[in-house]
$ cat data.txt   # compact mmCIF, C-alpha atoms and all ligand atoms
# COMPACT_ATOMS: atom_id res chain seq x y z
CA MET P 1054 -7.99 11.73 14.16
CA SER P 1055 -6.18 13.83 11.62
CA GLY P 1056 -7.69 17.29 11.14
CA GLY P 1057 -11.00 15.95 12.54
CA VAL P 1058 -11.10 12.88 10.28
CA HIS P 1059 -11.02 9.36 11.71
CA ILE P 1060 -8.28 7.15 10.34
CA VAL P 1061 -7.61 3.40 10.32
CA THR P 1062 -4.15 2.35 9.13
CA ILE P 1063 -3.24 -1.04 7.69
CA ASP P 1064 0.45 -1.71 7.15
CA GLY P 1065 2.35 -4.82 6.17
CA PRO P 1066 4.53 -6.42 3.51
CA SER P 1067 3.37 -7.18 -0.03
CA GLY P 1068 1.08 -10.18 -0.24
CA SER P 1069 -0.11 -9.85 3.36
CA GLY P 1070 -3.62 -9.18 2.06
CA LYS P 1071 -3.78 -5.57 3.24
CA GLY P 1072 -4.97 -4.23 -0.13
CA THR P 1073 -8.03 -6.47 -0.27
CA VAL P 1074 -8.81 -6.00 3.42
CA SER P 1075 -8.39 -2.21 3.23
CA ARG P 1076 -10.83 -2.03 0.32
CA ALA P 1077 -13.34 -4.21 2.15
CA LEU P 1078 -13.13 -2.03 5.26
CA ALA P 1079 -13.39 1.24 3.31
CA ASP P 1080 -16.48 -0.14 1.52
CA HIS P 1081 -18.00 -1.37 4.76
CA LEU P 1082 -17.47 1.96 6.53
CA GLY P 1083 -18.22 4.16 3.50
CA TRP P 1084 -14.81 5.82 4.02
CA HIS P 1085 -12.11 6.98 1.63
CA LEU P 1086 -9.21 4.70 0.78
CA LEU P 1087 -5.54 5.53 0.34
CA ASP P 1088 -3.38 2.96 -1.47
CA SER P 1089 -0.08 4.64 -0.67
CA GLY P 1090 1.90 2.00 -2.59
CA ALA P 1091 0.20 3.28 -5.75
CA LEU P 1092 1.69 6.74 -5.13
CA TYR P 1093 5.19 5.20 -4.98
CA ARG P 1094 4.39 3.18 -8.10
CA LEU P 1095 3.16 6.32 -9.90
CA THR P 1096 6.34 8.17 -8.91
CA ALA P 1097 8.46 5.28 -10.21
CA LEU P 1098 6.53 5.14 -13.48
CA ALA P 1099 6.76 8.91 -13.98
CA ALA P 1100 10.51 8.79 -13.24
CA GLN P 1101 10.97 6.03 -15.78
CA LEU P 1102 9.03 7.94 -18.45
CA LYS P 1103 11.06 11.08 -17.74
CA ARG P 1104 14.29 9.05 -17.47
CA ILE P 1105 15.17 10.39 -14.03
CA PRO P 1106 17.82 8.18 -12.38
CA ASP P 1107 17.45 6.86 -8.78
CA ALA P 1108 20.46 8.96 -7.80
CA ASP P 1109 18.85 12.30 -8.67
CA GLU P 1110 17.05 12.83 -5.36
CA ALA P 1111 16.03 16.46 -5.97
CA ALA P 1112 14.46 15.68 -9.36
CA LEU P 1113 12.65 12.61 -7.96
CA ALA P 1114 11.31 14.59 -4.99
CA SER P 1115 10.00 17.38 -7.17
CA LEU P 1116 8.41 14.82 -9.50
CA ALA P 1117 6.70 13.07 -6.55
CA ALA P 1118 5.31 16.36 -5.24
CA GLY P 1119 4.23 17.78 -8.58
CA MET P 1120 3.23 14.83 -10.79
CA ASN P 1121 -0.18 15.11 -12.40
CA ALA P 1122 -1.62 11.81 -11.14
CA THR P 1123 -5.04 10.54 -10.04
CA LEU P 1124 -6.21 7.40 -8.22
CA SER P 1125 -9.82 6.24 -8.18
CA TYR P 1126 -11.94 3.08 -8.04
CA ARG P 1127 -14.32 1.78 -10.68
CA GLY P 1128 -16.30 -1.36 -9.85
CA GLY P 1129 -13.87 -2.05 -7.00
CA VAL P 1130 -10.86 -1.91 -9.35
CA GLU P 1131 -8.21 0.75 -8.87
CA GLN P 1132 -7.77 3.17 -11.78
CA ALA P 1133 -4.71 5.38 -12.12
CA THR P 1134 -3.79 8.15 -14.52
CA LEU P 1135 -0.57 10.00 -15.14
CA ASP P 1136 -0.75 13.20 -17.18
CA GLY P 1137 -4.27 12.16 -18.21
CA GLU P 1138 -3.15 8.73 -19.54
CA ASP P 1139 -4.62 5.53 -18.06
CA VAL P 1140 -1.68 3.71 -16.43
CA SER P 1141 -3.71 1.25 -14.30
CA ASP P 1142 -2.25 -1.91 -15.85
CA ALA P 1143 1.35 -0.68 -15.94
CA LEU P 1144 1.05 0.27 -12.28
CA ARG P 1145 0.17 -3.27 -11.17
CA SER P 1146 3.12 -4.99 -12.88
CA GLU P 1147 5.89 -6.67 -10.86
CA HIS P 1148 8.39 -4.47 -12.65
CA CYS P 1149 6.65 -1.33 -11.43
CA GLY P 1150 6.58 -2.72 -7.86
CA GLU P 1151 10.31 -3.30 -8.03
CA LEU P 1152 10.96 0.25 -9.34
CA ALA P 1153 8.62 1.64 -6.66
CA SER P 1154 10.54 -0.06 -3.89
CA ARG P 1155 13.70 1.64 -5.18
CA VAL P 1156 12.27 5.16 -5.31
CA ALA P 1157 10.61 4.53 -1.93
CA ALA P 1158 14.08 4.27 -0.38
CA VAL P 1159 14.88 7.86 -1.47
CA PRO P 1160 14.23 10.15 1.55
CA GLY P 1161 13.28 13.16 -0.63
CA VAL P 1162 10.54 11.11 -2.30
CA ARG P 1163 9.08 9.92 1.02
CA HIS P 1164 9.07 13.48 2.30
CA ALA P 1165 7.50 14.83 -0.89
CA LEU P 1166 4.68 12.28 -0.75
CA LEU P 1167 3.69 13.09 2.84
CA ASP P 1168 1.32 15.97 1.98
CA ARG P 1169 -0.15 14.06 -0.96
CA GLN P 1170 -0.96 11.12 1.32
CA ARG P 1171 -2.39 13.27 4.11
CA ALA P 1172 -4.66 15.04 1.61
CA PHE P 1173 -6.61 11.74 1.33
CA ALA P 1174 -7.86 12.22 4.91
CA ARG P 1175 -11.34 13.61 4.26
CA PRO P 1176 -14.63 13.13 6.12
CA PRO P 1177 -16.12 10.82 7.11
CA GLY P 1178 -12.88 8.83 7.41
CA LEU P 1179 -9.91 7.18 5.74
CA VAL P 1180 -8.55 3.65 5.55
CA ALA P 1181 -4.84 4.06 4.75
CA ASP P 1182 -2.92 1.09 3.32
CA GLY P 1183 0.88 0.97 3.16
CA ARG P 1184 4.14 0.36 4.98
CA ASP P 1185 4.43 3.41 7.25
CA MET P 1186 0.83 4.61 7.61
CA GLY P 1187 0.68 3.98 11.37
CA THR P 1188 4.31 4.87 12.13
CA VAL P 1189 4.92 8.02 10.07
CA VAL P 1190 2.10 9.32 7.89
CA PHE P 1191 -0.83 9.03 10.34
CA PRO P 1192 0.79 8.43 13.76
CA SER P 1193 -2.37 9.48 15.62
CA ALA P 1194 -4.71 7.12 13.71
CA ARG P 1195 -7.60 5.79 15.80
CA VAL P 1196 -6.92 2.12 14.98
CA LYS P 1197 -3.64 0.71 13.63
CA LEU P 1198 -3.35 -2.75 12.13
CA PHE P 1199 -0.33 -4.64 10.86
CA LEU P 1200 -0.88 -7.68 8.63
CA THR P 1201 1.76 -10.34 8.20
CA ALA P 1202 1.89 -13.71 6.43
CA SER P 1203 4.69 -16.19 5.78
CA SER P 1204 6.84 -15.31 2.77
CA GLU P 1205 5.85 -18.62 1.08
CA GLU P 1206 2.16 -17.82 1.41
CA ARG P 1207 2.67 -14.27 0.14
CA ALA P 1208 4.53 -15.52 -2.94
CA LEU P 1209 1.76 -18.08 -3.60
CA ARG P 1210 -0.93 -15.37 -3.38
CA ARG P 1211 0.95 -13.08 -5.76
CA HIS P 1212 1.51 -16.00 -8.15
CA LYS P 1213 -2.21 -16.75 -8.20
CA GLN P 1214 -3.10 -13.08 -8.78
CA LEU P 1215 -0.68 -12.79 -11.70
CA LYS P 1216 -1.88 -16.08 -13.20
CA GLN P 1217 -5.46 -14.80 -13.13
CA LYS P 1218 -4.23 -11.80 -15.12
CA GLY P 1219 -2.57 -14.15 -17.63
CA ILE P 1220 0.96 -13.28 -16.46
CA ASP P 1221 3.24 -16.29 -16.15
CA VAL P 1222 6.05 -15.83 -13.61
CA SER P 1223 7.77 -18.75 -11.87
CA LEU P 1224 7.00 -19.11 -8.17
CA ARG P 1225 10.70 -19.24 -7.42
CA THR P 1226 11.44 -15.93 -9.21
CA LEU P 1227 8.49 -14.37 -7.45
CA SER P 1228 9.68 -15.61 -4.02
CA GLU P 1229 13.12 -14.17 -4.69
CA ASP P 1230 11.69 -10.82 -5.81
CA ILE P 1231 9.41 -10.63 -2.78
CA GLY P 1232 12.35 -11.50 -0.51
CA GLN P 1233 14.48 -8.72 -2.00
CA ARG P 1234 11.66 -6.20 -1.79
CA ASP P 1235 10.99 -7.14 1.88
CA GLU P 1236 14.66 -6.77 2.64
CA ARG P 1237 14.83 -3.30 1.05
CA ASP P 1238 11.56 -2.15 2.69
CA ALA P 1239 12.59 -3.40 6.13
CA ASN P 1240 16.14 -2.06 6.06
CA ARG P 1241 15.90 1.39 4.50
CA SER P 1242 17.01 4.20 6.79
CA LEU P 1243 13.82 6.25 6.60
CA SER P 1244 10.40 4.77 7.51
CA PRO P 1245 11.41 1.10 7.38
CA LEU P 1246 8.55 -1.41 7.31
CA ARG P 1247 7.62 -2.18 10.92
CA ALA P 1248 4.51 -2.36 13.04
CA ALA P 1249 3.72 0.75 15.09
CA ASP P 1250 4.07 0.11 18.83
CA ASP P 1251 0.32 0.56 19.21
CA ALA P 1252 -0.63 -1.57 16.17
CA ARG P 1253 -2.59 -4.83 16.39
CA VAL P 1254 -0.65 -7.50 14.50
CA ILE P 1255 -2.69 -10.09 12.58
CA ASP P 1256 -1.06 -13.09 10.92
CA SER P 1257 -3.10 -13.81 7.79
CA THR P 1258 -1.14 -16.90 6.64
CA ARG P 1259 -4.06 -19.25 7.25
CA LEU P 1260 -6.87 -16.75 6.89
CA SER P 1261 -8.89 -15.60 3.89
CA PRO P 1262 -9.36 -11.83 3.38
CA GLU P 1263 -12.94 -12.28 4.63
CA GLU P 1264 -11.69 -13.96 7.82
CA VAL P 1265 -9.14 -11.16 8.39
CA THR P 1266 -11.85 -8.54 7.87
CA ALA P 1267 -14.11 -10.42 10.31
CA ARG P 1268 -11.35 -10.22 12.95
CA ILE P 1269 -10.86 -6.50 12.40
CA LEU P 1270 -14.50 -5.41 12.58
CA PRO P 1271 -14.82 -6.06 16.34
CA LEU P 1272 -11.60 -4.06 16.92
CA LEU P 1273 -13.14 -1.12 15.07
CA GLU P 1274 -16.38 -1.61 16.94
CA ALA P 1275 -14.49 -1.48 20.24
CA ALA P 1276 -12.91 1.80 19.12
CA GLY P 1277 -16.37 3.21 18.39
CA ILE P 1278 -15.98 2.91 14.61
CA GLY P 1279 -18.86 1.59 12.53
CA PRO P 1280 -20.66 2.44 9.30
CA ASN P 1281 -23.02 4.88 11.02
CA ARG P 1282 -20.72 6.18 13.72
CA ALA P 1283 -17.76 7.55 11.76
O1 LIG A 1 2.10 -1.86 -1.72
P1 LIG A 1 2.80 -1.84 -3.04
O2 LIG A 1 3.37 -3.16 -3.45
O3 LIG A 1 1.97 -1.23 -4.13
O4 LIG A 1 4.04 -0.85 -2.82
C1 LIG A 1 5.07 -0.76 -3.76
C2 LIG A 1 6.35 -0.35 -3.04
O5 LIG A 1 6.19 0.99 -2.54
C3 LIG A 1 6.68 -1.20 -1.81
O6 LIG A 1 7.50 -2.32 -2.11
C4 LIG A 1 7.40 -0.24 -0.91
O7 LIG A 1 8.78 -0.22 -1.21
C5 LIG A 1 6.85 1.11 -1.29
N1 LIG A 1 5.93 1.65 -0.28
C6 LIG A 1 6.47 2.34 0.78
N2 LIG A 1 5.66 2.93 1.70
C7 LIG A 1 4.33 2.84 1.59
C8 LIG A 1 3.75 2.10 0.52
C9 LIG A 1 4.59 1.51 -0.40
O8 LIG A 1 7.69 2.41 0.91
N3 LIG A 1 3.57 3.44 2.48

$ encode --input "data.txt" --output "structure tokens"
Amino acid sequence: MSGGVHIVTIDGPSGSGKGTVSRALADHLGWHLLDSGALYRLTALAAQLKRIPDADEAALASLAAGMNATLSYRGGVEQATLDGEDVSDALRSEHCGELASRVAAVPGVRHALLDRQRAFARPPGLVADGRDMGTVVFPSARVKLFLTASSEERALRRHKQLKQKGIDVSLRTLSEDIGQRDERDANRSLSPLRAADDARVIDSTRLSPEEVTARILPLLEAAGIGPNRA
């Protein structure tokens, strides 16, 4: 619990399916959802618009803490605004993900986003999706999950998603980008991507998001978490 609110964390690398599964669980439970990656993406986008370089840690940290940004869901699709402008599409681009992984390695930014992330913990509960939800942001979460999948499968999933959006990127380029992003996320000094000691690790390589969700529900049930028992 965090301030009396129950929390389930889902961490893992990009393409592990945690976004889809987190949304499904939040819907099922009737809980709030935190897509922490979107906060790093918003910070990166705001920094780009304001032309703040990666090296200016103080300016990036103050931007992360003070940016005028919102995240919400309409018809199951994430909507994001920055200074009142709809930036939902820009936020989902590969380019933005790459920029986000750079600003996410800046300690001042990670620190500045802590309060923003914790503010999402409101009754009845929160499903928090990210890289360090169970290790750093919500260390006392009731249930911690860590999703993995082979890098080939993750690149294939991302390729399919982009294709559906009409974006044509070669699978090879995508695999390389994902590999670099994994490397940066796993090796940064602060909050590197890793499963919390008390996290349940689920390999989703051969599972659909529905099958992953079906494996998680009994774990929540065992922890006394259900739609009517938040
Ligand atoms: O999950 P998503 O791809 O939107 O995240 C974008 C980037 O933000 C990741 O590659 C990672 O570097 C960073 N991130 C992070 N910690 C989180 C969530 C995302 O460092 N909790």

$ residues_around --input "data.txt" --residues "P:His1164" --least-positions-apart "4" --cutoff "9 Å" --atoms "only C-alpha atoms" --output "number ranges by chain"
P: 1114, 1118, 1159-1160, 1168

$ residues_near_ligand --input "data.txt" --ligand "ligand LIG 1 (chain A)" --cutoff "8 Å" --atoms "only C-alpha atoms and all ligand atoms" --output "PyMOL selection string"
chain P and resi 1064+1066-1067+1072+1088-1094+1145+1149-1158+1163+1182-1186+1234-1235+1237-1238+1244-1246

$ residues_near_point --input "data.txt" --point "(-10.3, -0.6, 4.7)" --cutoff "10 Å" --atoms "only C-alpha atoms" --output "ChimeraX atom specification"
/P:1060-1063,1071-1088,1179-1182,1266,1269

$ atom_distance --input "data.txt" --atom1 "atom CA of P:Ser1204" --atom2 "atom CA of P:Leu1227"
10.4 Å

$ atom_distance --input "data.txt" --atom1 "atom CA of P:Pro1262" --atom2 "atom CA of P:Glu1205"
16.8 Å

$ atom_distance --input "data.txt" --atom1 "atom CA of P:Val1058" --atom2 "atom CA of P:Gly1178"
5.3 Å

$ residues_around --input "data.txt" --residues "P:Leu1095" --least-positions-apart "6" --cutoff "12 Å" --atoms "only C-alpha atoms" --output "PyMOL selection string"
chain P and resi 1088-1089+1101-1102+1113+1116-1124+1132-1136+1138-1146+1149-1150+1152-1154+1156-1157+1162+1166

$ residues_around --input "data.txt" --residues "P:Asp1221" --least-positions-apart "5" --cutoff "12 Å" --atoms "all atoms listed in the file" --output "ChimeraX atom specification"
/P:1146-1147,1211-1216,1226-1227

$ residues_around --input "data.txt" --residues "P:Glu1264" --least-positions-apart "3" --cutoff "12 Å" --atoms "all atoms listed in the file" --output "list in words"
Gly1070, Thr1073, Val1074, Ala1077, Ile1255, Asp1256, Ser1257, Thr1258, Arg1259, Leu1260, Ser1261, Ala1267, Arg1268, Ile1269 and Leu1270 of chain P

$ write_last_selection --input "data.txt" --atoms "C-alpha atoms" --output "compact mmCIF listing (two decimals), in the frame of the given file"
# COMPACT_ATOMS: atom_id res chain seq x y z
CA GLY P 1070 -3.62 -9.18 2.06
CA THR P 1073 -8.03 -6.47 -0.27
CA VAL P 1074 -8.81 -6.00 3.42
CA ALA P 1077 -13.34 -4.21 2.15
CA ILE P 1255 -2.69 -10.09 12.58
CA ASP P 1256 -1.06 -13.09 10.92
CA SER P 1257 -3.10 -13.81 7.79
CA THR P 1258 -1.14 -16.90 6.64
CA ARG P 1259 -4.06 -19.25 7.25
CA LEU P 1260 -6.87 -16.75 6.89
CA SER P 1261 -8.89 -15.60 3.89
CA ALA P 1267 -14.11 -10.42 10.31
CA ARG P 1268 -11.35 -10.22 12.95
CA ILE P 1269 -10.86 -6.50 12.40
CA LEU P 1270 -14.50 -5.41 12.58

$ axis_aligned_box --input "data.txt" --around "stretch 1115-1122 of chain P" --padding-each-side "5 Å" --output "JSON"
{"center_x": 4.2, "center_y": 14.8, "center_z": -8.8, "size_x": 21.6, "size_y": 16.0, "size_z": 17.2}

$ closest_residue --input "data.txt" --among "P:Arg1207, P:Arg1247, P:Lys1103, P:Arg1241" --to "P:Glu1229" --atoms "all atoms listed in the file"
P:Arg1207
